[in-house]
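S.K.: Structure file final-v1.txt (compact mmCIF, C-alpha atoms) right here:
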```txt
# COMPACT_ATOMS: atom_id res chain seq x y z
CA MET A 43 105.75 13.99 6.12
CA ARG A 44 104.99 10.46 7.30
CA ARG A 45 101.82 10.47 5.17
CA LEU A 46 103.81 11.51 2.13
CA ALA A 47 106.33 8.71 2.72
CA LYS A 48 103.42 6.24 3.08
CA ALA A 49 101.85 7.46 -0.15
CA ILE A 50 105.15 7.18 -2.01
CA GLY A 51 105.62 3.68 -0.61
CA CYS A 52 102.16 2.60 -1.79
CA LEU A 53 102.77 4.10 -5.21
CA ALA A 54 106.12 2.32 -5.48
CA LEU A 55 104.47 -0.99 -4.55
CA ALA A 56 101.73 -0.44 -7.12
CA VAL A 57 104.27 0.40 -9.83
CA ALA A 58 106.35 -2.66 -8.89
CA ALA A 59 103.27 -4.90 -9.05
CA TRP A 60 102.32 -3.43 -12.41
CA ALA A 61 105.85 -3.78 -13.77
CA ALA A 62 105.96 -7.40 -12.62
CA GLY A 63 102.88 -8.02 -14.74
CA GLY A 64 100.41 -8.66 -11.94
CA SER A 65 97.72 -11.07 -13.08
CA LEU A 66 94.61 -9.44 -14.39
CA LEU A 67 92.58 -12.25 -12.90
CA ARG A 68 93.93 -11.50 -9.45
CA GLN A 69 92.94 -7.86 -9.79
CA ALA A 70 89.25 -8.74 -9.91
CA PRO A 71 87.43 -7.38 -6.84
CA ALA A 72 85.93 -10.01 -4.55
CA LYS A 73 82.35 -8.99 -5.34
CA PHE A 74 83.00 -9.87 -9.00
CA ALA A 75 85.12 -12.94 -8.35
CA GLU A 76 82.32 -14.47 -6.28
CA ARG A 77 79.81 -14.32 -9.10
CA LYS A 78 78.71 -17.68 -10.44
CA ASN A 79 78.46 -18.51 -14.14
CA PRO A 80 74.70 -18.81 -14.83
CA PHE A 81 75.45 -21.06 -17.82
CA ALA A 82 77.82 -23.49 -16.09
CA GLY A 83 77.29 -26.94 -17.59
CA ASP A 84 75.09 -25.60 -20.38
CA GLU A 85 76.25 -27.18 -23.64
CA GLN A 86 74.31 -24.69 -25.79
CA ALA A 87 76.07 -21.84 -24.01
CA ARG A 88 79.47 -23.48 -24.55
CA LEU A 89 78.80 -23.83 -28.27
CA ALA A 90 77.56 -20.25 -28.49
CA GLY A 91 80.68 -19.21 -26.60
CA ALA A 92 82.84 -20.99 -29.18
CA LYS A 93 81.18 -18.95 -31.91
CA LEU A 94 81.64 -15.72 -29.97
CA TYR A 95 85.26 -16.60 -29.17
CA ALA A 96 85.98 -17.02 -32.89
CA HIS A 97 84.49 -13.59 -33.60
CA GLU A 98 85.76 -11.59 -30.67
CA CYS A 99 88.89 -13.22 -29.25
CA ALA A 100 90.60 -15.52 -31.77
CA ALA A 101 92.26 -12.74 -33.77
CA CYS A 102 94.47 -11.89 -30.76
CA HIS A 103 94.52 -15.04 -28.62
CA GLY A 104 94.61 -17.54 -31.49
CA SER A 105 91.86 -19.82 -32.76
CA ASN A 106 92.93 -22.50 -30.27
CA GLY A 107 93.64 -20.14 -27.42
CA GLU A 108 97.37 -20.58 -27.94
CA GLY A 109 98.15 -16.85 -27.63
CA ILE A 110 99.75 -14.67 -30.28
CA GLY A 111 102.42 -12.07 -29.65
CA LYS A 112 101.56 -9.98 -26.61
CA ALA A 113 98.14 -11.63 -26.21
CA PRO A 114 98.64 -14.40 -23.63
CA PRO A 115 97.51 -18.00 -24.18
CA LEU A 116 94.12 -18.85 -22.70
CA LYS A 117 94.61 -22.63 -22.56
CA ARG A 118 96.16 -22.31 -19.14
CA THR A 119 95.09 -23.90 -15.91
CA ASP A 120 94.85 -20.53 -14.18
CA VAL A 121 92.28 -19.44 -16.76
CA ILE A 122 90.41 -22.75 -16.86
CA GLU A 123 90.26 -22.96 -13.08
CA ALA A 124 89.80 -19.24 -12.38
CA PRO A 125 86.68 -18.09 -10.58
CA PRO A 126 84.22 -17.42 -13.43
CA GLY A 127 83.45 -14.04 -11.90
CA ALA A 128 87.09 -13.00 -12.21
CA LEU A 129 87.06 -13.84 -15.92
CA PHE A 130 83.81 -11.91 -16.24
CA TRP A 131 85.51 -8.90 -14.63
CA VAL A 132 88.45 -9.15 -17.07
CA LEU A 133 86.10 -9.30 -20.07
CA ARG A 134 84.15 -6.34 -18.74
CA ASN A 135 87.11 -4.08 -18.08
CA GLY A 136 89.93 -5.34 -20.26
CA SER A 137 93.33 -3.88 -19.57
CA LEU A 138 93.38 -0.85 -21.82
CA TYR A 139 96.98 0.12 -21.17
CA ARG A 140 98.22 -3.39 -21.96
CA GLY A 141 96.20 -3.73 -25.15
CA MET A 142 93.29 -5.87 -23.91
CA PRO A 143 90.08 -4.07 -24.91
CA SER A 144 86.92 -4.01 -22.85
CA PHE A 145 84.13 -6.31 -24.03
CA ALA A 146 81.47 -4.55 -22.01
CA HIS A 147 79.62 -3.87 -25.26
CA LEU A 148 78.73 -7.55 -25.42
CA PRO A 149 75.57 -8.29 -23.43
CA GLN A 150 76.27 -10.05 -20.14
CA PRO A 151 74.88 -13.44 -21.29
CA GLN A 152 77.30 -13.43 -24.24
CA ARG A 153 80.25 -12.76 -21.94
CA TRP A 154 79.18 -15.69 -19.76
CA GLU A 155 78.91 -17.86 -22.88
CA ILE A 156 82.53 -17.06 -23.76
CA ILE A 157 83.57 -17.95 -20.22
CA THR A 158 81.64 -21.22 -20.44
CA PHE A 159 83.53 -22.05 -23.62
CA LEU A 160 86.91 -21.15 -22.11
CA GLN A 161 86.40 -23.16 -18.95
CA GLU A 162 84.39 -26.14 -20.13
CA THR A 163 85.98 -27.09 -23.44
CA LYS A 164 87.90 -30.30 -22.85
CA ASN A 165 89.72 -31.13 -26.06
CA ALA A 166 93.09 -30.67 -27.67
CA ALA A 167 92.60 -26.94 -27.57
CA HIS A 168 92.48 -26.99 -23.77
CA PRO A 169 94.84 -29.68 -22.58
CA GLY A 170 95.50 -27.93 -19.34
CA GLY A 171 98.26 -25.76 -20.70
CA THR A 172 100.97 -24.44 -18.49
CA ASP A 173 100.75 -23.38 -14.93
CA ARG A 174 102.16 -20.00 -15.72
CA VAL A 175 100.30 -17.17 -14.03
CA GLU A 176 100.73 -13.91 -15.84
CA MET B 11 98.13 -2.99 -66.08
CA ASN B 12 100.20 -2.70 -62.88
CA TYR B 13 97.44 -0.59 -61.37
CA ARG B 14 94.89 -3.33 -62.12
CA ILE B 15 97.08 -6.00 -60.55
CA GLY B 16 97.60 -3.82 -57.48
CA ARG B 17 93.89 -3.13 -57.17
CA THR B 18 92.98 -6.81 -57.55
CA ALA B 19 95.62 -7.78 -54.96
CA SER B 20 94.25 -5.19 -52.52
CA ILE B 21 90.69 -6.46 -52.94
CA LEU B 22 91.82 -10.07 -52.54
CA ALA B 23 93.81 -9.12 -49.45
CA LEU B 24 90.74 -7.56 -47.90
CA LEU B 25 88.60 -10.59 -48.71
CA ILE B 26 90.94 -13.13 -47.16
CA MET B 27 91.95 -11.10 -44.13
CA PRO B 28 90.25 -12.27 -40.96
CA ALA B 29 87.05 -10.35 -40.35
CA LEU B 30 85.46 -9.45 -37.07
CA ARG B 31 82.04 -8.23 -36.15
CA ALA B 32 82.06 -4.74 -37.57
CA GLY B 33 80.34 -1.64 -36.38
CA GLU B 34 79.69 0.03 -33.08
CA GLY B 35 75.99 -0.45 -32.86
CA PRO B 36 73.30 1.03 -34.99
CA PHE B 37 74.11 4.73 -34.52
CA PHE B 38 75.15 7.09 -37.29
CA ILE B 39 75.63 10.26 -35.23
CA THR B 40 75.92 9.22 -31.60
CA TYR B 41 79.17 7.79 -30.29
CA THR B 42 79.45 5.32 -27.46
CA HIS B 43 82.54 4.55 -25.39
CA GLN B 44 83.24 1.44 -27.42
CA MET B 45 86.70 1.83 -28.90
CA GLU B 46 88.20 0.08 -31.91
CA GLU B 47 90.21 -2.93 -30.79
CA PRO B 48 93.96 -2.28 -30.91
CA GLY B 49 95.43 -3.17 -34.30
CA ASN B 50 92.05 -3.58 -36.02
CA LEU B 51 90.93 -1.53 -38.99
CA GLU B 52 87.28 -0.88 -39.72
CA ILE B 53 86.33 0.23 -43.19
CA ALA B 54 82.87 1.75 -43.43
CA THR B 55 80.67 3.92 -45.56
CA LYS B 56 78.00 6.22 -44.19
CA ASN B 57 75.60 7.47 -46.79
CA LEU B 58 72.71 9.88 -46.77
CA ILE B 59 69.89 10.54 -49.19
CA GLY B 60 67.76 13.62 -48.76
CA ARG B 61 65.77 16.30 -50.43
CA PRO B 62 65.84 19.70 -48.76
CA GLY B 63 62.32 21.15 -48.97
CA SER B 64 61.61 22.00 -52.59
CA GLY B 65 65.33 21.69 -53.43
CA THR B 66 67.14 19.01 -55.38
CA ARG B 67 67.65 15.44 -54.19
CA PHE B 68 71.21 14.71 -53.03
CA PHE B 69 73.37 11.80 -52.00
CA GLY B 70 76.07 12.36 -49.41
CA ALA B 71 78.76 9.69 -49.00
CA THR B 72 81.46 9.28 -46.40
CA THR B 73 84.19 6.67 -46.41
CA GLU B 74 85.57 5.95 -42.99
CA LEU B 75 88.78 4.23 -41.91
CA GLU B 76 88.90 3.56 -38.19
CA TYR B 77 92.01 2.17 -36.52
CA GLY B 78 92.57 1.06 -32.96
CA VAL B 79 95.86 2.67 -31.97
CA SER B 80 95.62 1.30 -28.43
CA GLY B 81 92.98 0.16 -25.99
CA TRP B 82 92.27 3.78 -25.02
CA TRP B 83 92.91 5.58 -28.33
CA THR B 84 91.00 5.22 -31.60
CA SER B 85 91.84 7.26 -34.68
CA GLU B 86 89.57 7.73 -37.66
CA PHE B 87 89.97 9.28 -41.10
CA TYR B 88 87.03 10.27 -43.32
CA LEU B 89 86.71 11.24 -46.95
CA ASP B 90 83.49 13.07 -47.83
CA GLY B 91 81.75 13.56 -51.14
CA GLN B 92 78.30 14.21 -52.48
CA ALA B 93 76.22 14.14 -55.65
CA THR B 94 73.29 16.42 -56.32
CA ARG B 95 70.77 15.78 -59.07
CA GLY B 96 71.56 18.00 -62.03
CA GLU B 97 74.70 19.41 -60.42
CA GLY B 98 77.12 16.50 -60.61
CA ALA B 99 79.32 14.96 -57.93
CA LEU B 100 82.18 16.44 -55.97
CA PHE B 101 84.70 15.68 -53.27
CA THR B 102 83.92 17.88 -50.29
CA GLY B 103 86.83 17.30 -47.94
CA TYR B 104 88.30 15.17 -45.18
CA ARG B 105 88.13 14.76 -41.43
CA TRP B 106 90.52 13.30 -38.92
CA GLU B 107 89.19 12.37 -35.52
CA ASN B 108 90.70 10.90 -32.39
CA ARG B 109 88.88 9.45 -29.43
CA PHE B 110 90.48 9.00 -26.03
CA ARG B 111 88.92 6.90 -23.34
CA LEU B 112 89.45 8.73 -20.07
CA LEU B 113 88.94 5.98 -17.50
CA PRO B 114 90.67 2.61 -17.68
CA ARG B 115 87.83 0.64 -16.09
CA GLU B 116 84.15 0.26 -16.87
CA HIS B 117 81.81 2.46 -14.81
CA TRP B 118 78.13 3.37 -14.76
CA ILE B 119 78.94 6.31 -17.02
CA ASN B 120 82.06 6.17 -19.16
CA PRO B 121 83.56 9.37 -20.55
CA VAL B 122 85.46 9.61 -23.83
CA LEU B 123 87.05 12.76 -25.23
CA TYR B 124 86.72 13.27 -28.96
CA VAL B 125 88.80 15.74 -30.97
CA GLU B 126 88.40 16.23 -34.70
CA PHE B 127 89.90 18.45 -37.37
CA GLU B 128 87.78 18.84 -40.46
CA ASN B 129 88.68 20.50 -43.72
CA ILE B 130 85.51 20.48 -45.77
CA ASN B 131 83.64 22.92 -47.94
CA GLY B 132 80.13 24.28 -47.69
CA ALA B 133 78.79 21.72 -50.18
CA ASP B 134 79.43 18.87 -47.74
CA LYS B 135 76.21 16.97 -47.11
CA SER B 136 77.34 14.13 -44.89
CA LEU B 137 75.65 15.67 -41.81
CA LEU B 138 77.78 13.68 -39.38
CA GLU B 139 76.79 16.20 -36.75
CA VAL B 140 74.36 19.08 -36.48
CA VAL B 141 75.47 22.20 -34.58
CA ASN B 142 74.37 25.79 -34.11
CA ARG B 143 71.48 26.58 -36.47
CA ASP B 144 72.52 24.34 -39.34
CA GLY B 145 69.36 23.91 -41.33
CA VAL B 146 67.64 22.90 -44.49
CA ASP B 147 68.76 26.10 -46.24
CA ASP B 148 72.39 24.97 -45.98
CA LEU B 149 71.50 21.78 -47.83
CA ALA B 150 69.58 23.62 -50.55
CA ALA B 151 72.43 25.92 -51.64
CA PRO B 152 73.70 25.12 -55.17
CA ASN B 153 77.02 23.24 -55.24
CA GLY B 154 78.77 25.89 -57.32
CA GLU B 155 78.08 28.46 -54.65
CA ALA B 156 78.38 26.29 -51.55
CA ARG B 157 81.75 24.76 -52.47
CA LEU B 158 83.40 28.18 -52.26
CA GLU B 159 82.87 28.26 -48.51
CA LYS B 160 85.85 26.70 -46.72
CA LYS B 161 85.25 25.09 -43.34
CA ARG B 162 88.39 24.36 -41.37
CA GLU B 163 87.03 23.47 -38.00
CA ILE B 164 88.06 21.91 -34.73
CA GLU B 165 85.36 19.88 -33.11
CA ALA B 166 85.35 18.49 -29.60
CA LYS B 167 82.84 16.08 -28.09
CA LEU B 168 82.33 14.78 -24.64
CA ILE B 169 80.97 11.28 -25.06
CA LEU B 170 79.22 9.70 -22.10
CA SER B 171 77.83 6.22 -22.37
CA SER B 172 76.68 3.25 -20.37
CA TYR B 173 75.65 -0.36 -20.82
CA PHE B 174 72.71 -1.44 -18.71
CA LYS B 175 71.01 -4.84 -18.93
CA GLY B 176 71.72 -5.14 -22.63
CA TRP B 177 70.85 -1.53 -23.40
CA THR B 178 73.38 0.95 -24.73
CA ILE B 179 72.71 4.52 -23.64
CA ALA B 180 74.90 7.33 -24.98
CA GLU B 181 74.97 11.11 -24.83
CA ASN B 182 77.33 13.38 -26.78
CA PHE B 183 77.92 17.09 -26.21
CA ILE B 184 79.46 18.85 -29.19
CA ALA B 185 81.44 22.10 -29.42
CA GLU B 186 82.74 23.21 -32.81
CA LYS B 187 84.91 26.18 -33.76
CA ASN B 188 86.03 27.45 -37.13
CA VAL B 189 89.79 27.95 -36.84
CA ARG B 190 89.66 31.37 -38.53
CA HIS B 191 86.59 33.06 -37.22
CA ALA B 192 83.03 32.46 -36.04
CA PRO B 193 81.89 31.69 -32.51
CA PHE B 194 81.79 28.36 -30.74
CA GLU B 195 78.87 26.33 -32.03
CA PHE B 196 77.13 23.69 -29.97
CA GLY B 197 75.11 20.58 -30.61
CA TYR B 198 74.22 17.25 -29.07
CA ALA B 199 73.35 13.67 -29.92
CA ALA B 200 71.83 10.97 -27.75
CA GLY B 201 70.88 7.40 -28.48
CA VAL B 202 69.66 4.13 -27.03
CA SER B 203 69.92 0.69 -28.58
CA ARG B 204 69.58 -2.97 -27.76
CA PRO B 205 70.18 -6.27 -29.57
CA LEU B 206 67.05 -8.29 -30.27
CA ALA B 207 68.49 -11.13 -28.18
CA LEU B 208 71.05 -11.00 -25.39
CA ARG B 209 72.17 -14.63 -25.69
CA ALA B 210 73.98 -15.87 -28.78
CA ARG B 211 72.85 -18.96 -30.62
CA PRO B 212 75.34 -21.79 -31.06
CA GLU B 213 75.02 -22.00 -34.83
CA ARG B 214 76.65 -19.67 -37.32
CA CYS B 215 73.75 -17.72 -38.75
CA ASN B 216 72.85 -14.53 -40.57
CA PHE B 217 69.35 -14.13 -39.16
CA CYS B 218 69.91 -14.93 -35.48
CA PRO B 219 68.17 -12.29 -33.36
CA GLU B 220 71.43 -11.32 -31.64
CA ASN B 221 72.72 -10.16 -35.03
CA PHE B 222 70.14 -7.35 -35.08
CA GLN B 223 70.33 -4.20 -33.00
CA VAL B 224 67.54 -1.69 -32.87
CA GLY B 225 67.55 1.74 -31.36
CA ALA B 226 66.84 5.41 -31.80
CA GLU B 227 68.91 8.52 -31.74
CA MET B 228 68.08 12.18 -31.43
CA TYR B 229 70.41 14.97 -32.46
CA GLY B 230 70.39 18.66 -33.18
CA GLY B 231 71.94 22.07 -32.75
CA LEU B 232 72.11 24.18 -29.61
CA GLY B 233 73.14 27.57 -30.99
CA THR B 234 76.34 29.42 -30.19
CA HIS B 235 78.02 30.61 -26.99
CA ASP B 236 76.34 34.02 -27.24
CA ASP B 237 73.02 32.72 -28.52
CA PHE B 238 72.58 29.36 -26.82
CA GLY B 239 69.29 27.50 -27.04
CA LEU B 240 66.94 25.47 -29.18
CA LYS B 241 65.22 28.36 -30.93
CA GLY B 242 65.69 28.19 -34.70
CA THR B 243 67.73 24.97 -34.56
CA SER B 244 67.35 21.73 -36.49
CA GLN B 245 66.34 18.67 -34.49
CA TYR B 246 66.06 15.10 -35.71
CA LEU B 247 64.68 11.84 -34.39
CA ALA B 248 65.95 8.70 -36.05
CA PRO B 249 65.08 5.05 -35.44
CA THR B 250 68.03 2.83 -36.34
CA LEU B 251 68.63 -0.78 -37.26
CA ALA B 252 71.92 -2.67 -37.60
CA TRP B 253 72.30 -6.15 -39.02
CA THR B 254 75.57 -8.06 -38.74
CA LEU B 255 76.11 -11.03 -41.03
CA ALA B 256 77.86 -14.16 -39.84
CA SER B 257 80.85 -13.09 -41.95
CA GLY B 258 81.16 -9.93 -39.85
CA THR B 259 79.95 -7.41 -42.41
CA ALA B 260 77.41 -5.04 -40.88
CA PHE B 261 74.61 -3.07 -42.52
CA THR B 262 72.91 -0.13 -40.87
CA VAL B 263 69.90 1.90 -41.88
CA SER B 264 68.23 4.87 -40.25
CA PRO B 265 65.42 7.10 -41.45
CA SER B 266 65.72 10.55 -39.81
CA PHE B 267 62.69 12.75 -39.28
CA GLY B 268 63.05 16.51 -38.90
CA LEU B 269 61.21 17.85 -35.87
CA THR B 270 61.45 21.61 -36.44
CA GLY B 271 60.75 23.97 -39.29
CA THR B 272 64.44 24.46 -40.03
CA SER B 273 65.18 20.70 -40.20
CA ALA B 274 65.14 18.69 -43.42
CA GLY B 275 61.83 16.82 -43.42
CA PHE B 276 63.26 13.37 -44.09
CA LEU B 277 66.76 11.94 -44.47
CA LEU B 278 67.62 8.31 -45.13
CA ARG B 279 70.96 7.10 -43.82
CA PHE B 280 72.50 3.75 -44.65
CA GLY B 281 75.93 2.25 -44.28
CA VAL B 282 78.10 -0.83 -44.55
CA SER B 283 81.10 -1.71 -42.41
CA TYR B 284 83.74 -4.40 -42.43
CA GLU B 285 86.45 -4.93 -39.88
CA VAL B 286 89.90 -6.31 -40.61
CA ALA B 287 91.32 -8.01 -37.54
CA GLN B 288 94.92 -7.26 -36.59
CA LEU B 289 95.73 -5.39 -39.78
CA GLY B 290 99.53 -5.48 -39.49
CA ARG B 291 99.68 -9.22 -38.88
CA ALA B 292 97.09 -9.93 -41.58
CA ALA B 293 99.01 -7.85 -44.13
CA ARG B 294 102.34 -9.51 -43.25
CA SER B 295 100.75 -12.93 -43.53
CA PHE B 296 99.17 -12.04 -46.89
CA PHE B 297 102.41 -10.77 -48.42
CA HIS B 298 104.33 -13.71 -46.96
CA ARG B 299 101.91 -16.10 -48.65
CA ALA B 300 101.99 -14.10 -51.89
CA GLY B 301 105.81 -14.18 -51.83
CA GLY B 302 105.80 -17.94 -51.13
CA ALA B 303 103.41 -18.59 -54.03
CA GLN B 304 105.80 -16.91 -56.47
```
Will you turn the file into C-alpha cells for me?
M.R.:
Amino acid sequence: MRRLAKAIGCLALAVAAWAAGGSLLRQAPAKFAERKNPFAGDEQARLAGAKLYAHECAACHGSNGEGIGKAPPLKRTDVIEAPPGALFWVLRNGSLYRGMPSFAHLPQPQRWEIITFLQETKNAAHPGGTDRVE
Amino acid sequence: MNYRIGRTASILALLIMPALRAGEGPFFITYTHQMEEPGNLEIATKNLIGRPGSGTRFFGATTELEYGVSGWWTSEFYLDGQATRGEGALFTGYRWENRFRLLPREHWINPVLYVEFENINGADKSLLEVVNRDGVDDLAAPNGEARLEKKREIEAKLILSSYFKGWTIAENFIAEKNVRHAPFEFGYAAGVSRPLALRARPERCNFCPENFQVGAEMYGGLGTHDDFGLKGTSQYLAPTLAWTLASGTAFTVSPSFGLTGTSAGFLLRFGVSYEVAQLGRAARSFFHRAGGAQ
C-alpha cells in the first residue's frame, strides 16, 4: 500500500513538472550535459551551423531565433549559456509530444555545428534575450 | 480561365513557400524512424521503369503527400498510376499510410509502427513493397486483364532503425492482408546509408559532399503464414543515391537488381521531393500577401 502511495506521489510530481513546462535543457542526463562541443571557437563550424539552422530550425524558431508560435525563442541566455551537451541532447531527442522533432538524423558533427552557431553568434540576433527559462 | 488562375496561384504559392531539406535519405522501399516535422508537407514522386522478362516496358509513377501531424505521427497519401508501352496509361489506385513513433526518446534501436490501407488494382506497378511471392509474372500481365483485380489491403510494418556514427541502419518487417480474403503475406526491407561528409560546409552549395547520401537496400517477399520462407520469392538488391540541392529539392535514384528467378531482372527507380515548411503558416502568409496586393 505504501509502495502504491509512493508511486502515485512520484507520478503526480512528474505530471506537475510536465504541466509546469519543465525545461527541456534541464532534462538532459548528466552524461550528456557534460559533453564538450568539439567545434567550440571554430568559425567555420559556426558558419556551417548558420546554414544548417536556416534549413532545419528557422521555419519554427524564426530566422533570427526569435521564436514563432509554440516554438520558443532561442536568443535566450539560458540557451546561449547552456551546457553544450544539454543542447546536443535536446537536438538528439526533441520533445515529440510538445512538437519539437528529433534531429538525430543529422550526423553528430552537424548537430554540434548548429550548437556552435546558437551559442557563439554575437550579433543583433543574439543580444542576450530574456532570462526566461522554459 | 479561373482554373488557369487557380493553377498558376498554386504553383506560385509552392515556389515562394519556405522550403526545407526534403527527403528521408536515399531509400525508396525501406523506412527509417525519421518522421516528418510537425506542420511540414513533403511532396514527392517515386517512379519506376522496368521491363519484366520478355514483356513490355512500363513506367510506374507514385505521387506522395507526406504531412507531419505531430512529432510522433506522420500521415501520407499516395496516388498511383502507370503507363505500359502499347497499352496506354491508367490510374491504379491510392494508399493512405500512418506512421507512429513508439518511443519518445532516441535509443540504439527505434521502433515505429506503420499502418496502411491501400485500394489499388492488379495493374499497379509502383512496387513500393514486395511481399509473399510477388514476381515478374505479376508485372507482365496485360493492363486490361490486371486492372480487373481489386486489391483492398491493410498493411502493417514494424520499422526498426538506428543512427550510428553517421550511418543510418533500418530494418522493416511487413505483414499484408487483403481485407476480403487471402492469407497474411510477409515481406521485408533493410537498408544502410551514409552522407558523403558528416560535417557541413559553411557556404551554400549544391555539390557539397554532405548533400549526397549513398546507400543500399535489400527487399523481398517472405511467403505467407502457412507457407513462410524464401523459396519462390522475389529478392532485390539496390544501391541508392540521394542528392539534395541548396534550395532543398532532393533527387534520388536507385537501380534495383533482381536476385532470384522470379524477380524482375532490372528496375530503375528515381524520384524528386520538395518540402514545404510549416504549411498552414506559409499558406496563411501567402493568402494574406495576395489579399494585400489586391
S.K.: Considering only C-alpha atoms, extract the chain B residues located within 7 Å of chain A and return them as a PyMOL selection string.
M.R.: chain B and resi 30-31+44+47-48+80-82+114-116+173+176+208-212+287-288
S.K.: How far is it from atom CA of B:Val140 to atom CA of B:Phe196, in Å with one decimal?
M.R.: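 Atom CA of B:Phe196 lies 8.4 Å from atom CA of B:Val140.
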S.K.: Let me make sure I understand: among A:Leu66, A:Ala82, A:Ala113, A:Leu133, which one has the smallest atom-to-atom distance to A:Thr163 if we use all atoms listed in the file?
M.R.: A:Ala82
S.K.: Measure the distance from atom CA of B:His43 to atom CA of B:Asn57 in Å and round it to one decimal.
M.R.: 22.7 Å
S.K.: For atom CA of A:Glu123 and atom CA of A:Gly111, quote the distance in Å rounded to one decimal.
M.R.: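 Atom CA of A:Gly111 lies at a distance of 23.3 Å from atom CA of A:Glu123.
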S.K.: Residues of stretch 19-107 of chain B within 10 Å of stretch 263-279 of chain B: nearest atom pair and distance (Å, one decimal) for each, counting only C-alpha atoms, sorted by chain and number, as CSV?
M.R.:
```
residue,atom,partner,partner_atom,distance
B:Pro36,CA,B:Val263,CA,7.7
B:Phe37,CA,B:Ser264,CA,8.2
B:Phe38,CA,B:Arg279,CA,7.8
B:Lys56,CA,B:Arg279,CA,7.1
B:Asn57,CA,B:Arg279,CA,5.5
B:Leu58,CA,B:Arg279,CA,4.4
B:Ile59,CA,B:Leu278,CA,5.2
B:Gly60,CA,B:Leu277,CA,4.7
B:Arg61,CA,B:Phe276,CA,7.4
B:Pro62,CA,B:Ala274,CA,5.5
B:Gly63,CA,B:Ala274,CA,6.7
B:Phe69,CA,B:Leu278,CA,9.6
B:Gly70,CA,B:Arg279,CA,9.2
B:Ala71,CA,B:Arg279,CA,9.7
```
S.K.: Counting only C-alpha atoms, which of A:Ala75, A:Ala128, A:Ala70, A:Ile157 gets nearest to A:Leu116?
M.R.: A:Ile157
S.K.: Quick one: axis-aligned box around all listed atoms of stretch 126-131 of chain B, 5 Å on every side, centre and edge lengths in Å to one decimal, written as AutoDock Vina command-line options.
M.R.:
```
--center_x 86.8 --center_y 19.6 --center_z -41.3 --size_x 16.3 --size_y 16.7 --size_z 23.2
```
S.K.: Starting from the block above, write stretch 240-255 of chain B out to a file with N, CA and C atoms, as an mmCIF file, in the first residue's frame, please.
M.R.:
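Dumped everything to decode-v4.cif:
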```cif
data_model
loop_
_atom_site.group_PDB
_atom_site.id
_atom_site.type_symbol
_atom_site.label_atom_id
_atom_site.label_comp_id
_atom_site.auth_asym_id
_atom_site.auth_seq_id
_atom_site.Cartn_x
_atom_site.Cartn_y
_atom_site.Cartn_z
ATOM 1 N N LEU B 240 11.767 -18.258 -48.106
ATOM 2 C CA LEU B 240 12.306 -17.521 -49.253
ATOM 3 C C LEU B 240 12.050 -18.222 -50.586
ATOM 4 N N LYS B 241 11.675 -19.490 -50.523
ATOM 5 C CA LYS B 241 11.546 -20.275 -51.748
ATOM 6 C C LYS B 241 10.498 -19.678 -52.694
ATOM 7 N N GLY B 242 10.911 -19.406 -53.926
ATOM 8 C CA GLY B 242 9.982 -18.883 -54.927
ATOM 9 C C GLY B 242 9.669 -17.402 -54.788
ATOM 10 N N THR B 243 10.400 -16.702 -53.933
ATOM 11 C CA THR B 243 10.116 -15.275 -53.722
ATOM 12 C C THR B 243 11.010 -14.399 -54.593
ATOM 13 N N SER B 244 10.619 -13.146 -54.719
ATOM 14 C CA SER B 244 11.449 -12.154 -55.416
ATOM 15 C C SER B 244 12.338 -11.449 -54.396
ATOM 16 N N GLN B 245 13.563 -11.244 -54.754
ATOM 17 C CA GLN B 245 14.518 -10.559 -53.875
ATOM 18 C C GLN B 245 15.302 -9.544 -54.702
ATOM 19 N N TYR B 246 15.495 -8.373 -54.131
ATOM 20 C CA TYR B 246 16.182 -7.310 -54.876
ATOM 21 C C TYR B 246 17.295 -6.685 -54.038
ATOM 22 N N LEU B 247 18.343 -6.301 -54.715
ATOM 23 C CA LEU B 247 19.421 -5.524 -54.087
ATOM 24 C C LEU B 247 19.548 -4.222 -54.863
ATOM 25 N N ALA B 248 19.548 -3.113 -54.143
ATOM 26 C CA ALA B 248 19.503 -1.822 -54.837
ATOM 27 C C ALA B 248 20.436 -0.803 -54.208
ATOM 28 N N PRO B 249 21.521 -0.437 -54.897
ATOM 29 C CA PRO B 249 22.296 0.716 -54.444
ATOM 30 C C PRO B 249 21.464 1.987 -54.630
ATOM 31 N N THR B 250 21.657 2.958 -53.773
ATOM 32 C CA THR B 250 20.838 4.180 -53.842
ATOM 33 C C THR B 250 21.715 5.417 -53.695
ATOM 34 N N LEU B 251 21.238 6.503 -54.281
ATOM 35 C CA LEU B 251 21.941 7.774 -54.185
ATOM 36 C C LEU B 251 20.915 8.894 -54.055
ATOM 37 N N ALA B 252 21.114 9.776 -53.105
ATOM 38 C CA ALA B 252 20.242 10.950 -52.954
ATOM 39 C C ALA B 252 21.094 12.206 -53.020
ATOM 40 N N TRP B 253 20.571 13.200 -53.688
ATOM 41 C CA TRP B 253 21.280 14.472 -53.857
ATOM 42 C C TRP B 253 20.318 15.599 -53.504
ATOM 43 N N THR B 254 20.677 16.383 -52.497
ATOM 44 C CA THR B 254 19.820 17.491 -52.069
ATOM 45 C C THR B 254 20.446 18.811 -52.507
ATOM 46 N N LEU B 255 19.675 19.581 -53.267
ATOM 47 C CA LEU B 255 20.169 20.880 -53.719
ATOM 48 C C LEU B 255 20.127 21.878 -52.564
#
```
